[in-house]
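Q: This one is query_38.cif, mmCIF, C-alpha atoms.
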```cif
data_model
#
loop_
_atom_site.group_PDB
_atom_site.id
_atom_site.type_symbol
_atom_site.label_atom_id
_atom_site.label_comp_id
_atom_site.auth_asym_id
_atom_site.auth_seq_id
_atom_site.Cartn_x
_atom_site.Cartn_y
_atom_site.Cartn_z
ATOM 1 C CA MET A 1 55.887 127.787 168.620
ATOM 2 C CA SER A 2 52.419 128.060 167.079
ATOM 3 C CA MET A 3 51.474 126.735 163.668
ATOM 4 C CA ALA A 4 50.465 130.271 162.622
ATOM 5 C CA MET A 5 53.972 131.609 163.280
ATOM 6 C CA LYS A 6 55.532 128.668 161.418
ATOM 7 C CA GLN A 7 53.250 129.222 158.434
ATOM 8 C CA ASP A 8 54.111 132.927 158.443
ATOM 9 C CA ALA A 9 57.786 132.008 158.386
ATOM 10 C CA LEU A 10 57.238 129.648 155.462
ATOM 11 C CA LYS A 11 55.460 132.296 153.415
ATOM 12 C CA ARG A 12 58.724 134.241 153.268
ATOM 13 C CA TYR A 13 60.357 131.472 151.292
ATOM 14 C CA GLY A 14 59.884 130.069 147.791
ATOM 15 C CA SER A 15 61.727 127.400 145.838
ATOM 16 C CA LYS A 16 64.353 129.183 143.747
ATOM 17 C CA GLU A 17 66.627 126.123 143.631
ATOM 18 C CA GLY A 18 63.940 123.484 143.926
ATOM 19 C CA TYR A 19 63.874 123.449 147.747
ATOM 20 C CA ASP A 20 60.680 124.189 149.634
ATOM 21 C CA ALA A 21 61.333 125.898 152.965
ATOM 22 C CA GLU A 22 58.704 123.715 154.616
ATOM 23 C CA VAL A 23 61.315 120.959 154.718
ATOM 24 C CA LEU A 24 63.375 123.068 157.156
ATOM 25 C CA ILE A 25 60.692 123.429 159.806
ATOM 26 C CA ASN A 26 60.752 120.558 162.324
ATOM 27 C CA CYS A 27 63.765 118.946 160.667
ATOM 28 C CA ARG A 28 66.518 117.348 162.775
ATOM 29 C CA ALA A 29 69.364 119.794 163.372
ATOM 30 C CA VAL A 30 72.811 118.825 164.629
ATOM 31 C CA VAL A 31 74.720 121.694 166.255
ATOM 32 C CA ALA A 32 78.464 121.179 166.735
ATOM 33 C CA LYS A 33 81.151 123.306 168.383
ATOM 34 C CA ASP A 34 84.728 122.312 169.214
ATOM 35 C CA ASP A 35 84.390 118.745 170.508
ATOM 36 C CA PHE A 36 80.710 118.924 171.499
ATOM 37 C CA VAL A 37 77.732 117.848 169.390
ATOM 38 C CA SER A 38 74.032 118.233 170.220
ATOM 39 C CA THR A 39 70.917 117.280 168.292
ATOM 40 C CA GLY A 40 67.712 119.320 168.266
ATOM 41 C CA ILE A 41 64.798 120.434 166.104
ATOM 42 C CA LEU A 42 64.728 123.501 163.827
ATOM 43 C CA THR A 43 61.509 125.363 164.672
ATOM 44 C CA TYR A 44 61.922 128.749 162.953
ATOM 45 C CA ALA A 45 63.761 130.187 159.954
ATOM 46 C CA GLN A 46 63.165 133.710 158.682
ATOM 47 C CA GLY A 47 65.450 136.501 157.568
ATOM 48 C CA ASP A 48 68.851 136.321 159.252
ATOM 49 C CA ILE A 49 67.903 133.986 162.097
ATOM 50 C CA MET A 50 67.010 130.369 162.854
ATOM 51 C CA GLU A 51 65.831 128.839 166.105
ATOM 52 C CA ILE A 52 66.982 125.378 167.159
ATOM 53 C CA GLU A 53 65.240 123.753 170.113
ATOM 54 C CA LEU A 54 67.645 121.438 171.935
ATOM 55 C CA PRO A 55 67.981 120.174 175.526
ATOM 56 C CA GLU A 56 71.709 120.967 175.892
ATOM 57 C CA TYR A 57 71.347 124.661 175.044
ATOM 58 C CA GLU A 58 73.330 125.663 178.166
ATOM 59 C CA VAL A 59 76.564 124.280 176.702
ATOM 60 C CA PHE A 60 76.463 126.988 174.020
ATOM 61 C CA GLN A 61 77.444 130.592 174.692
ATOM 62 C CA LEU A 62 76.709 133.788 172.756
ATOM 63 C CA GLY A 63 79.271 134.194 169.983
ATOM 64 C CA ASP A 64 80.077 130.481 169.728
ATOM 65 C CA LYS A 65 80.972 129.381 166.203
ATOM 66 C CA THR A 66 78.982 126.332 165.197
ATOM 67 C CA LYS A 67 78.715 123.812 162.388
ATOM 68 C CA MET A 68 75.074 123.208 161.498
ATOM 69 C CA THR A 69 73.815 120.023 159.825
ATOM 70 C CA LEU A 70 70.140 119.966 158.853
ATOM 71 C CA TYR A 71 68.547 116.626 157.927
ATOM 72 C CA THR A 72 65.594 117.455 155.678
ATOM 73 C CA LYS A 73 63.354 115.491 153.333
ATOM 74 C CA SER A 74 65.084 117.273 150.456
ATOM 75 C CA GLY A 75 68.564 116.299 151.584
ATOM 76 C CA LEU A 76 71.389 117.397 153.843
ATOM 77 C CA PHE A 77 72.277 121.061 154.418
ATOM 78 C CA VAL A 78 75.599 121.851 156.084
ATOM 79 C CA PHE A 79 76.802 125.369 156.917
ATOM 80 C CA HIS A 80 78.725 127.331 159.543
ATOM 81 C CA SER A 81 76.940 129.740 161.854
ATOM 82 C CA THR A 82 77.163 131.732 165.108
ATOM 83 C CA VAL A 83 75.031 131.663 168.262
ATOM 84 C CA VAL A 84 73.446 135.129 168.664
ATOM 85 C CA ALA A 85 70.800 134.524 171.350
ATOM 86 C CA ARG A 86 69.820 131.867 173.850
ATOM 87 C CA GLU A 87 66.847 131.080 176.045
ATOM 88 C CA PRO A 88 65.741 128.022 178.029
ATOM 89 C CA GLY A 89 65.422 125.146 175.593
ATOM 90 C CA SER A 90 66.608 126.851 172.422
ATOM 91 C CA LEU A 91 69.332 128.720 170.552
ATOM 92 C CA ILE A 92 69.053 131.450 167.943
ATOM 93 C CA VAL A 93 71.755 131.138 165.280
ATOM 94 C CA ILE A 94 72.585 133.154 162.172
ATOM 95 C CA ASN A 95 70.966 132.002 158.942
ATOM 96 C CA PRO A 96 73.892 132.938 156.637
ATOM 97 C CA PRO A 97 73.320 134.536 153.208
ATOM 98 C CA GLU A 98 74.805 131.568 151.330
ATOM 99 C CA ASN A 99 72.284 129.318 153.045
ATOM 100 C CA ARG A 100 69.371 131.685 152.411
ATOM 101 C CA LYS A 101 70.200 131.758 148.689
ATOM 102 C CA LYS A 102 68.949 128.181 148.461
ATOM 103 C CA PHE A 103 65.472 129.582 149.116
ATOM 104 C CA SER A 104 63.707 132.558 147.602
ATOM 105 C CA GLU A 105 62.401 135.221 149.974
ATOM 106 C CA LYS A 106 59.987 137.998 149.114
ATOM 107 C CA ARG A 107 62.689 140.448 150.110
ATOM 108 C CA GLU A 108 66.388 140.181 149.395
ATOM 109 C CA PHE A 109 67.026 141.589 152.872
ATOM 110 C CA PRO A 110 64.841 141.127 155.946
ATOM 111 C CA ARG A 111 62.924 144.227 157.007
ATOM 112 C CA VAL A 112 62.228 144.968 160.657
ATOM 113 C CA ASP A 113 59.701 147.316 162.231
ATOM 114 C CA VAL A 114 61.341 149.996 164.385
ATOM 115 C CA LYS A 115 60.475 153.208 166.239
ATOM 116 C CA ASN A 116 63.498 155.376 165.567
ATOM 117 C CA VAL A 117 63.833 158.889 164.234
ATOM 118 C CA GLY A 118 65.911 160.646 161.619
ATOM 119 C CA TYR A 119 66.339 164.114 160.181
ATOM 120 C CA ILE A 120 66.189 165.364 156.601
ATOM 121 C CA VAL A 121 68.993 167.916 156.264
ATOM 122 C CA GLY A 122 68.830 168.397 152.496
ATOM 123 C CA PHE A 123 67.204 167.204 149.274
ATOM 124 C CA GLN A 124 67.700 167.260 145.523
ATOM 125 C CA ASN A 125 65.631 166.445 142.460
ATOM 126 C CA ILE A 126 67.582 163.743 140.586
ATOM 127 C CA THR A 127 66.860 165.468 137.255
ATOM 128 C CA GLN A 128 68.311 168.756 138.547
ATOM 129 C CA LYS A 129 71.761 169.596 139.916
ATOM 130 C CA GLU A 130 70.558 172.105 142.465
ATOM 131 C CA GLN A 131 70.781 170.879 146.057
ATOM 132 C CA HIS A 132 68.630 172.342 148.808
ATOM 133 C CA HIS A 133 70.082 172.528 152.318
ATOM 134 C CA LEU A 134 67.615 172.834 155.202
ATOM 135 C CA GLU A 135 68.654 175.197 157.984
ATOM 136 C CA ASN A 136 66.037 173.561 160.197
ATOM 137 C CA PRO A 137 66.248 169.763 159.713
ATOM 138 C CA ILE A 138 62.878 168.013 159.415
ATOM 139 C CA GLU A 139 62.220 165.071 161.742
ATOM 140 C CA ILE A 140 61.020 161.781 160.280
ATOM 141 C CA SER A 141 59.589 158.745 162.091
ATOM 142 C CA ILE A 142 61.239 155.557 160.842
ATOM 143 C CA LYS A 143 58.692 152.729 160.637
ATOM 144 C CA ASN A 144 60.844 149.959 159.195
ATOM 145 C CA ILE A 145 64.384 149.403 157.981
ATOM 146 C CA SER A 146 66.464 146.889 156.025
ATOM 147 C CA MET A 147 69.911 146.855 154.441
ATOM 148 C CA ASN A 148 68.179 148.211 151.315
ATOM 149 C CA GLY A 149 66.366 151.200 152.743
ATOM 150 C CA ILE A 150 63.739 152.554 155.111
ATOM 151 C CA GLY A 151 60.040 153.311 155.352
ATOM 152 C CA PHE A 152 59.162 156.556 157.146
ATOM 153 C CA ILE A 153 56.548 159.228 157.694
ATOM 154 C CA ILE A 154 56.905 162.976 158.219
ATOM 155 C CA ASN A 155 54.766 164.211 161.071
ATOM 156 C CA ASP A 156 52.701 167.303 160.330
ATOM 157 C CA ASN A 157 54.754 168.931 157.608
ATOM 158 C CA SER A 158 52.617 169.635 154.558
ATOM 159 C CA MET A 159 55.234 171.985 153.112
ATOM 160 C CA ILE A 160 57.916 169.339 152.647
ATOM 161 C CA ASP A 161 55.311 166.721 151.606
ATOM 162 C CA GLY A 162 54.546 168.890 148.604
ATOM 163 C CA ILE A 163 58.205 168.914 147.576
ATOM 164 C CA LEU A 164 59.186 165.279 148.081
ATOM 165 C CA TYR A 165 58.205 162.766 145.440
ATOM 166 C CA LYS A 166 59.629 159.823 143.534
ATOM 167 C CA LYS A 167 63.168 160.208 142.223
ATOM 168 C CA CYS A 168 63.989 162.771 144.896
ATOM 169 C CA MET A 169 67.318 162.321 146.706
ATOM 170 C CA LEU A 170 67.466 163.050 150.429
ATOM 171 C CA GLN A 171 70.426 163.806 152.658
ATOM 172 C CA VAL A 172 69.405 162.260 155.975
ATOM 173 C CA GLU A 173 70.842 161.626 159.425
ATOM 174 C CA LEU A 174 69.371 158.559 161.116
ATOM 175 C CA ASP A 175 69.419 158.006 164.879
ATOM 176 C CA LEU A 176 69.658 154.224 165.405
ATOM 177 C CA GLY A 177 71.414 154.350 168.744
ATOM 178 C CA PHE A 178 74.337 155.560 166.639
ATOM 179 C CA GLU A 179 74.440 158.404 164.138
ATOM 180 C CA MET A 180 74.140 157.290 160.525
ATOM 181 C CA PRO A 181 74.324 159.983 157.833
ATOM 182 C CA CYS A 182 73.222 158.636 154.451
ATOM 183 C CA ARG A 183 71.653 159.478 151.094
ATOM 184 C CA LEU A 184 68.220 158.089 150.262
ATOM 185 C CA GLU A 185 66.256 157.919 147.034
ATOM 186 C CA ILE A 186 62.474 158.027 147.375
ATOM 187 C CA ILE A 187 60.987 155.114 145.460
ATOM 188 C CA ARG A 188 57.354 155.312 146.574
ATOM 189 C CA LYS A 189 54.979 157.695 148.294
ATOM 190 C CA GLU A 190 51.602 156.756 149.758
ATOM 191 C CA LYS A 191 48.897 159.008 151.208
ATOM 192 C CA GLN A 192 47.831 158.114 154.729
ATOM 193 C CA GLU A 193 45.444 159.655 157.226
ATOM 194 C CA ASP A 194 48.254 161.374 159.107
ATOM 195 C CA GLY A 195 50.329 162.441 156.098
ATOM 196 C CA TYR A 196 52.480 160.530 153.626
ATOM 197 C CA TYR A 197 54.366 157.283 153.995
ATOM 198 C CA TYR A 198 57.634 157.124 152.050
ATOM 199 C CA GLY A 199 59.631 154.125 150.922
ATOM 200 C CA ALA A 200 63.259 155.027 150.206
ATOM 201 C CA SER A 201 66.357 153.066 149.223
ATOM 202 C CA PHE A 202 69.899 153.690 150.430
ATOM 203 C CA GLU A 203 72.054 155.146 147.664
ATOM 204 C CA SER A 204 75.254 154.198 149.462
ATOM 205 C CA ILE A 205 76.364 153.298 152.983
ATOM 206 C CA PRO A 206 80.003 153.479 154.174
ATOM 207 C CA ALA A 207 81.420 150.066 155.186
ATOM 208 C CA GLU A 208 81.699 150.943 158.885
ATOM 209 C CA GLN A 209 78.081 152.142 158.922
ATOM 210 C CA SER A 210 76.976 149.064 156.988
ATOM 211 C CA ASN A 211 78.292 146.735 159.699
ATOM 212 C CA ALA A 212 76.601 148.801 162.432
ATOM 213 C CA LEU A 213 73.323 148.773 160.478
ATOM 214 C CA ARG A 214 73.528 145.002 159.974
ATOM 215 C CA GLY A 215 73.996 144.550 163.732
ATOM 216 C CA PHE A 216 71.082 146.904 164.478
ATOM 217 C CA ILE A 217 68.752 144.955 162.154
ATOM 218 C CA LEU A 218 69.846 141.595 163.559
ATOM 219 C CA ARG A 219 69.203 142.719 167.165
ATOM 220 C CA ASN A 220 65.745 143.939 166.182
ATOM 221 C CA GLN A 221 64.932 140.666 164.387
ATOM 222 C CA ILE A 222 65.831 138.705 167.520
ATOM 223 C CA GLN A 223 63.873 141.050 169.800
ATOM 224 C CA THR A 224 60.807 140.985 167.527
ATOM 225 C CA TYR A 225 60.906 137.183 167.320
ATOM 226 C CA PHE A 226 61.099 136.773 171.100
ATOM 227 C CA GLU A 227 58.230 139.264 171.579
ATOM 228 C CA GLN A 228 56.076 137.353 169.074
ATOM 229 C CA LYS A 229 56.936 134.075 170.758
ATOM 230 C CA ARG A 230 56.050 135.415 174.229
ATOM 231 C CA ASP A 231 52.752 136.789 172.875
ATOM 232 C CA GLU A 232 51.909 133.397 171.341
ATOM 233 C CA GLU A 233 52.792 131.545 174.558
ATOM 234 C CA PHE A 234 50.707 133.957 176.657
ATOM 235 C CA LYS A 235 47.764 133.707 174.260
ATOM 236 C CA ASN A 236 47.916 129.893 174.282
ATOM 237 C CA ALA A 237 48.129 129.823 178.082
ATOM 238 C CA MET A 238 45.068 132.103 178.366
ATOM 239 C CA GLU A 239 43.115 129.941 175.907
ATOM 240 C CA LYS A 240 43.952 126.788 177.925
ATOM 241 C CA LYS A 241 42.957 128.526 181.155
ATOM 242 C CA SER A 242 39.704 129.697 179.609
ATOM 243 C CA ALA A 243 38.916 126.204 178.286
ATOM 244 C CA ALA A 244 39.674 124.656 181.692
ATOM 245 C CA ASN A 245 37.273 127.047 183.419
ATOM 246 C CA GLN A 246 34.376 126.295 181.115
#
```
Could you show the structure in this file as C-alpha coordinates?

A:
Amino acid sequence: MSMAMKQDALKRYGSKEGYDAEVLINCRAVVAKDDFVSTGILTYAQGDIMEIELPEYEVFQLGDKTKMTLYTKSGLFVFHSTVVAREPGSLIVINPPENRKKFSEKREFPRVDVKNVGYIVGFQNITQKEQHHLENPIEISIKNISMNGIGFIINDNSMIDGILYKKCMLQVELDLGFEMPCRLEIIRKEKQEDGYYYGASFESIPAEQSNALRGFILRNQIQTYFEQKRDEEFKNAMEKKSAANQ
(Lines of atoms letter the chains of each structure in order from A and count residues from 1; the text may use other names and numbers.)
(Lines give C-alpha, C1' and ligand atoms only; values in the text may rest on other atoms or scores of the structure.)
Protein backbone atom coordinates (compact mmCIF):
# COMPACT_ATOMS: atom_id res chain seq x y z
CA MET A 1 0.00 0.00 0.00
CA SER A 2 1.38 3.42 -0.95
CA MET A 3 2.33 6.11 1.53
CA ALA A 4 -0.20 8.46 -0.12
CA MET A 5 -3.08 6.08 0.62
CA LYS A 6 -1.89 5.61 4.21
CA GLN A 7 -1.66 9.37 4.72
CA ASP A 8 -5.15 9.79 3.27
CA ALA A 9 -6.42 7.21 5.74
CA LEU A 10 -4.75 9.03 8.63
CA LYS A 11 -6.33 12.35 7.70
CA ARG A 12 -9.72 10.86 8.54
CA TYR A 13 -8.73 10.48 12.16
CA GLY A 14 -7.99 12.91 14.98
CA SER A 15 -7.19 12.40 18.65
CA LYS A 16 -10.48 12.67 20.54
CA GLU A 17 -9.25 10.46 23.40
CA GLY A 18 -5.57 11.29 23.12
CA TYR A 19 -4.78 8.59 20.53
CA ASP A 20 -3.28 9.50 17.18
CA ALA A 21 -4.40 7.16 14.41
CA GLU A 22 -0.87 7.09 13.02
CA VAL A 23 -0.03 4.60 15.76
CA LEU A 24 -2.42 2.09 14.13
CA ILE A 25 -0.74 2.03 10.73
CA ASN A 26 2.04 -0.58 10.54
CA CYS A 27 1.40 -1.78 14.08
CA ARG A 28 1.59 -5.49 14.95
CA ALA A 29 -1.84 -7.10 14.81
CA VAL A 30 -2.70 -10.49 16.29
CA VAL A 31 -5.77 -12.12 14.74
CA ALA A 32 -7.31 -15.02 16.67
CA LYS A 33 -10.20 -17.36 15.90
CA ASP A 34 -11.19 -20.54 17.75
CA ASP A 35 -7.85 -22.20 18.53
CA PHE A 36 -5.80 -20.48 15.82
CA VAL A 37 -3.69 -17.33 16.20
CA SER A 38 -1.82 -15.43 13.48
CA THR A 39 0.29 -12.29 13.61
CA GLY A 40 0.37 -9.66 10.87
CA ILE A 41 0.65 -5.93 10.21
CA LEU A 42 -2.25 -3.44 10.13
CA THR A 43 -1.84 -1.46 6.89
CA TYR A 44 -5.16 0.40 6.53
CA ALA A 45 -7.90 1.74 8.79
CA GLN A 46 -10.69 3.98 7.53
CA GLY A 47 -14.43 4.04 8.06
CA ASP A 48 -15.82 0.59 8.83
CA ILE A 49 -12.86 -1.45 7.61
CA MET A 50 -9.28 -2.38 8.48
CA GLU A 51 -6.77 -4.35 6.45
CA ILE A 52 -4.38 -6.77 8.12
CA GLU A 53 -1.54 -8.19 6.04
CA LEU A 54 -0.62 -11.67 7.28
CA PRO A 55 0.91 -14.79 5.69
CA GLU A 56 -1.71 -17.25 7.02
CA TYR A 57 -4.69 -15.42 5.50
CA GLU A 58 -5.99 -18.67 3.94
CA VAL A 59 -6.91 -20.08 7.36
CA PHE A 60 -9.57 -17.37 7.72
CA GLN A 61 -12.92 -17.53 5.94
CA LEU A 62 -15.49 -14.81 5.21
CA GLY A 63 -17.75 -14.38 8.24
CA ASP A 64 -15.21 -15.71 10.74
CA LYS A 65 -15.47 -14.07 14.16
CA THR A 66 -12.09 -12.88 15.34
CA LYS A 67 -10.42 -11.37 18.38
CA MET A 68 -8.10 -8.54 17.35
CA THR A 69 -5.14 -7.38 19.45
CA LEU A 70 -3.26 -4.33 18.17
CA TYR A 71 0.16 -3.53 19.66
CA THR A 72 0.67 0.21 19.18
CA LYS A 73 3.05 2.81 20.58
CA SER A 74 0.11 4.22 22.52
CA GLY A 75 -0.79 0.90 24.11
CA LEU A 76 -2.80 -2.24 23.53
CA PHE A 77 -6.17 -2.25 21.74
CA VAL A 78 -8.31 -5.38 21.98
CA PHE A 79 -11.68 -5.81 20.25
CA HIS A 80 -13.83 -8.40 18.50
CA SER A 81 -14.38 -8.26 14.76
CA THR A 82 -15.51 -10.19 11.66
CA VAL A 83 -13.70 -11.09 8.44
CA VAL A 84 -15.58 -9.42 5.55
CA ALA A 85 -13.13 -9.79 2.64
CA ARG A 86 -9.95 -11.65 1.80
CA GLU A 87 -7.27 -11.51 -0.86
CA PRO A 88 -3.80 -13.03 -1.22
CA GLY A 89 -1.74 -11.85 1.73
CA SER A 90 -4.38 -9.90 3.62
CA LEU A 91 -7.75 -9.82 5.37
CA ILE A 92 -10.31 -7.05 5.58
CA VAL A 93 -12.04 -6.98 8.97
CA ILE A 94 -14.73 -4.75 10.47
CA ASN A 95 -13.52 -1.71 12.38
CA PRO A 96 -16.31 -1.70 15.01
CA PRO A 97 -17.96 1.54 16.19
CA GLU A 98 -16.70 1.13 19.77
CA ASN A 99 -13.16 0.94 18.43
CA ARG A 100 -13.62 3.90 16.09
CA LYS A 101 -14.84 6.05 19.00
CA LYS A 102 -11.28 6.06 20.33
CA PHE A 103 -10.40 8.22 17.32
CA SER A 104 -12.15 11.24 15.87
CA GLU A 105 -13.16 11.10 12.21
CA LYS A 106 -14.26 14.02 10.08
CA ARG A 107 -17.55 12.21 9.59
CA GLU A 108 -19.49 10.26 12.18
CA PHE A 109 -20.33 7.74 9.45
CA PRO A 110 -18.18 6.83 6.46
CA ARG A 111 -19.46 8.14 3.13
CA VAL A 112 -18.99 6.18 -0.08
CA ASP A 113 -19.22 7.32 -3.69
CA VAL A 114 -21.90 5.44 -5.64
CA LYS A 115 -23.69 5.53 -9.00
CA ASN A 116 -27.24 4.64 -8.05
CA VAL A 117 -30.54 6.31 -8.78
CA GLY A 118 -33.61 7.31 -6.81
CA TYR A 119 -36.94 8.99 -7.39
CA ILE A 120 -38.56 11.98 -5.70
CA VAL A 121 -42.24 11.09 -5.29
CA GLY A 122 -43.25 14.01 -3.09
CA PHE A 123 -42.00 17.05 -1.17
CA GLN A 124 -43.03 19.42 1.59
CA ASN A 125 -41.81 22.73 2.97
CA ILE A 126 -41.03 22.08 6.66
CA THR A 127 -42.67 25.39 7.63
CA GLN A 128 -45.90 24.41 5.84
CA LYS A 129 -48.22 21.43 6.33
CA GLU A 130 -49.12 21.05 2.68
CA GLN A 131 -47.56 18.01 1.01
CA HIS A 132 -47.06 17.83 -2.74
CA HIS A 133 -47.34 14.43 -4.42
CA LEU A 134 -45.69 14.05 -7.84
CA GLU A 135 -47.66 12.02 -10.37
CA ASN A 136 -44.48 11.70 -12.41
CA PRO A 137 -41.59 10.89 -10.03
CA ILE A 138 -38.37 12.81 -10.72
CA GLU A 139 -35.17 10.79 -11.13
CA ILE A 140 -32.11 11.73 -9.09
CA SER A 141 -28.51 10.55 -9.52
CA ILE A 142 -27.05 9.52 -6.16
CA LYS A 143 -23.39 10.56 -5.93
CA ASN A 144 -22.58 9.46 -2.39
CA ILE A 145 -24.29 7.89 0.60
CA SER A 146 -23.75 7.27 4.31
CA MET A 147 -25.91 6.16 7.23
CA ASN A 148 -26.66 9.88 7.72
CA GLY A 149 -27.83 10.83 4.26
CA ILE A 150 -27.05 11.20 0.57
CA GLY A 151 -25.60 13.62 -1.95
CA PHE A 152 -27.43 13.77 -5.29
CA ILE A 153 -28.08 15.79 -8.42
CA ILE A 154 -31.23 16.18 -10.51
CA ASN A 155 -30.53 15.86 -14.20
CA ASP A 156 -32.06 18.55 -16.39
CA ASN A 157 -35.02 19.60 -14.30
CA SER A 158 -35.01 23.35 -13.74
CA MET A 159 -38.63 23.32 -12.58
CA ILE A 160 -38.03 21.21 -9.48
CA ASP A 161 -34.66 22.94 -8.82
CA GLY A 162 -36.58 26.16 -8.32
CA ILE A 163 -38.80 24.54 -5.69
CA LEU A 164 -36.27 22.57 -3.65
CA TYR A 165 -34.19 24.42 -1.10
CA LYS A 166 -32.93 24.07 2.45
CA LYS A 167 -35.42 22.82 5.02
CA CYS A 168 -37.46 21.07 2.34
CA MET A 169 -38.57 17.50 3.12
CA LEU A 170 -38.54 14.94 0.32
CA GLN A 171 -40.35 11.64 0.01
CA VAL A 172 -37.90 9.51 -1.98
CA GLU A 173 -37.52 5.95 -3.21
CA LEU A 174 -33.89 4.87 -3.56
CA ASP A 175 -32.75 2.00 -5.79
CA LEU A 176 -29.70 0.46 -4.07
CA GLY A 177 -30.13 -3.02 -5.45
CA PHE A 178 -33.11 -3.09 -3.10
CA GLU A 179 -35.96 -0.60 -2.82
CA MET A 180 -35.58 1.87 0.03
CA PRO A 181 -38.38 4.40 0.56
CA CYS A 182 -37.32 7.17 2.94
CA ARG A 183 -37.79 10.80 3.93
CA LEU A 184 -34.94 13.25 3.38
CA GLU A 185 -34.33 16.78 4.60
CA ILE A 186 -32.29 19.01 2.30
CA ILE A 187 -29.46 20.56 4.29
CA ARG A 188 -27.43 22.16 1.51
CA LYS A 189 -27.75 23.11 -2.14
CA GLU A 190 -24.86 23.99 -4.44
CA LYS A 191 -24.94 25.31 -8.01
CA GLN A 192 -22.96 23.24 -10.49
CA GLU A 193 -22.44 23.41 -14.23
CA ASP A 194 -25.02 20.71 -14.89
CA GLY A 195 -27.60 21.81 -12.30
CA TYR A 196 -27.68 21.67 -8.51
CA TYR A 197 -26.00 19.32 -6.09
CA TYR A 198 -28.02 18.55 -2.96
CA GLY A 199 -26.88 17.27 0.40
CA ALA A 200 -29.74 15.67 2.35
CA SER A 201 -30.02 13.85 5.67
CA PHE A 202 -32.23 10.86 6.42
CA GLU A 203 -35.12 11.84 8.68
CA SER A 204 -35.76 8.23 9.66
CA ILE A 205 -34.96 4.76 8.34
CA PRO A 206 -36.88 1.60 9.38
CA ALA A 207 -34.68 -0.95 11.20
CA GLU A 208 -34.84 -3.54 8.41
CA GLN A 209 -33.84 -0.91 5.84
CA SER A 210 -31.09 0.37 8.14
CA ASN A 211 -29.39 -3.04 8.21
CA ALA A 212 -29.64 -3.35 4.41
CA LEU A 213 -28.19 0.16 3.99
CA ARG A 214 -25.32 -0.62 6.38
CA GLY A 215 -24.50 -3.73 4.33
CA PHE A 216 -24.68 -1.75 1.07
CA ILE A 217 -22.26 0.89 2.39
CA LEU A 218 -19.85 -1.72 3.75
CA ARG A 219 -19.73 -3.58 0.40
CA ASN A 220 -19.02 -0.31 -1.40
CA GLN A 221 -16.25 0.62 1.06
CA ILE A 222 -14.55 -2.72 0.43
CA GLN A 223 -14.96 -2.46 -3.35
CA THR A 224 -13.66 1.13 -3.42
CA TYR A 225 -10.65 0.20 -1.28
CA PHE A 226 -9.71 -2.74 -3.51
CA GLU A 227 -10.08 -0.56 -6.64
CA GLN A 228 -7.82 2.11 -5.11
CA LYS A 229 -5.30 -0.52 -4.11
CA ARG A 230 -5.25 -2.07 -7.60
CA ASP A 231 -4.82 1.39 -9.15
CA GLU A 232 -1.88 2.13 -6.83
CA GLU A 233 -0.25 -1.24 -7.57
CA PHE A 234 -0.68 -0.74 -11.33
CA LYS A 235 0.68 2.81 -11.16
CA ASN A 236 3.71 1.67 -9.14
CA ALA A 237 4.37 -1.20 -11.55
CA MET A 238 4.24 1.19 -14.54
CA GLU A 239 6.61 3.63 -12.81
CA LYS A 240 9.10 0.80 -12.11
CA LYS A 241 8.84 -0.40 -15.70
CA SER A 242 9.37 3.12 -16.99
CA ALA A 243 12.40 3.64 -14.73
CA ALA A 244 13.89 0.31 -15.82
CA ASN A 245 13.58 1.26 -19.49
CA GLN A 246 15.34 4.58 -19.09

Q: So which one's closest to Asn220 in chain A, A:Leu54, A:Ile49, A:Leu62, A:Val172? Using only C-alpha atoms, please.

A: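 Closest to Asn220 in chain A, using only C-alpha atoms: A:Ile49.
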
Q: Write out as a short mmCIF file (atom, residue, chain, number, x, y, z; two decimals) with C-alpha atoms, in the frame of the given file the residues lying within 7 Å of Glu53 in chain A, counting all atoms listed in the file and excluding same-chain residues fewer than 6 positions away.

A:
```
data_model
loop_
_atom_site.label_atom_id
_atom_site.label_comp_id
_atom_site.auth_asym_id
_atom_site.auth_seq_id
_atom_site.Cartn_x
_atom_site.Cartn_y
_atom_site.Cartn_z
CA GLY A 40 67.71 119.32 168.27
CA ILE A 41 64.80 120.43 166.10
CA LEU A 42 64.73 123.50 163.83
CA THR A 43 61.51 125.36 164.67
CA GLY A 89 65.42 125.15 175.59
CA SER A 90 66.61 126.85 172.42
CA LEU A 91 69.33 128.72 170.55
#
```

Q: Applied to this file, what does the PyMOL selection byres ((chain A and resi 92) around 12) return in terms of residues, put as a ChimeraX atom specification?

A: /A:31,41-46,48-54,57,60-64,66,81-91,93-95,218-219,221-223,225-226

Q: Kindly resolve the PyMOL selection byres ((chain A and resi 196) around 9) on the present coordinates and return the residues as a PDB file with C-alpha atoms, keeping the file's coordinate frame.

A:
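result-v7.pdb, written as the output of this step:
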```pdb
ATOM      1  CA  PHE A 152      59.162 156.556 157.146  1.00  0.00           C
ATOM      2  CA  ILE A 153      56.548 159.228 157.694  1.00  0.00           C
ATOM      3  CA  ILE A 154      56.905 162.976 158.219  1.00  0.00           C
ATOM      4  CA  ASN A 155      54.766 164.211 161.071  1.00  0.00           C
ATOM      5  CA  ASP A 161      55.311 166.721 151.606  1.00  0.00           C
ATOM      6  CA  LYS A 189      54.979 157.695 148.294  1.00  0.00           C
ATOM      7  CA  GLU A 190      51.602 156.756 149.758  1.00  0.00           C
ATOM      8  CA  LYS A 191      48.897 159.008 151.208  1.00  0.00           C
ATOM      9  CA  GLN A 192      47.831 158.114 154.729  1.00  0.00           C
ATOM     10  CA  GLU A 193      45.444 159.655 157.226  1.00  0.00           C
ATOM     11  CA  ASP A 194      48.254 161.374 159.107  1.00  0.00           C
ATOM     12  CA  GLY A 195      50.329 162.441 156.098  1.00  0.00           C
ATOM     13  CA  TYR A 197      54.366 157.283 153.995  1.00  0.00           C
ATOM     14  CA  TYR A 198      57.634 157.124 152.050  1.00  0.00           C
TER      15      TYR A 198
END
```

Q: Can you tell me which residues surround Leu184 in chain A at a distance of at most 12 Å, considering all atoms listed in the file, apart from same-chain residues fewer than 4 positions away, and format the answer as an NGL selection string?

A: :A and (118-126 or 148-152 or 164 or 166-174 or 180 or 188 or 198-205)

Q: How many Å separate CA of Phe216 in chain A from CA of Pro97 in chain A?

A: 16.9 Å

Q: For Ile187 in chain A, which residue out of A:Tyr165, A:Leu24, A:Phe109, A:Glu56 is the nearest one, using only C-alpha atoms?

A: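 Among A:Tyr165, A:Leu24, A:Phe109, A:Glu56, it is A:Tyr165 that comes nearest to Ile187 in chain A.
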
Q: Can you tell me how far CA of Gln131 in chain A sits from CA of Pro206 in chain A, in Å to one decimal?

A: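 A separation of 21.3 Å between them.
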
Q: Expressed in Å to a single decimal, how great is the separation between CA of Phe178 in chain A and CA of Ala212 in chain A?

A: 8.3 Å

Q: Taking into account only C-alpha atoms, which residue in the set A:Asn236, A:Ser242, A:Ser146, A:Thr72 is nearest to Gly215 in chain A?

A: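 Selected residue with least distance to Gly215 in chain A: A:Ser146.
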
Q: Starting from the displayed file, determine the output of the PyMOL selection byres ((chain A and resi 114) around 7) and express the residue list as a PyMOL selection string.

A: chain A and resi 112-113+115-116+142-144
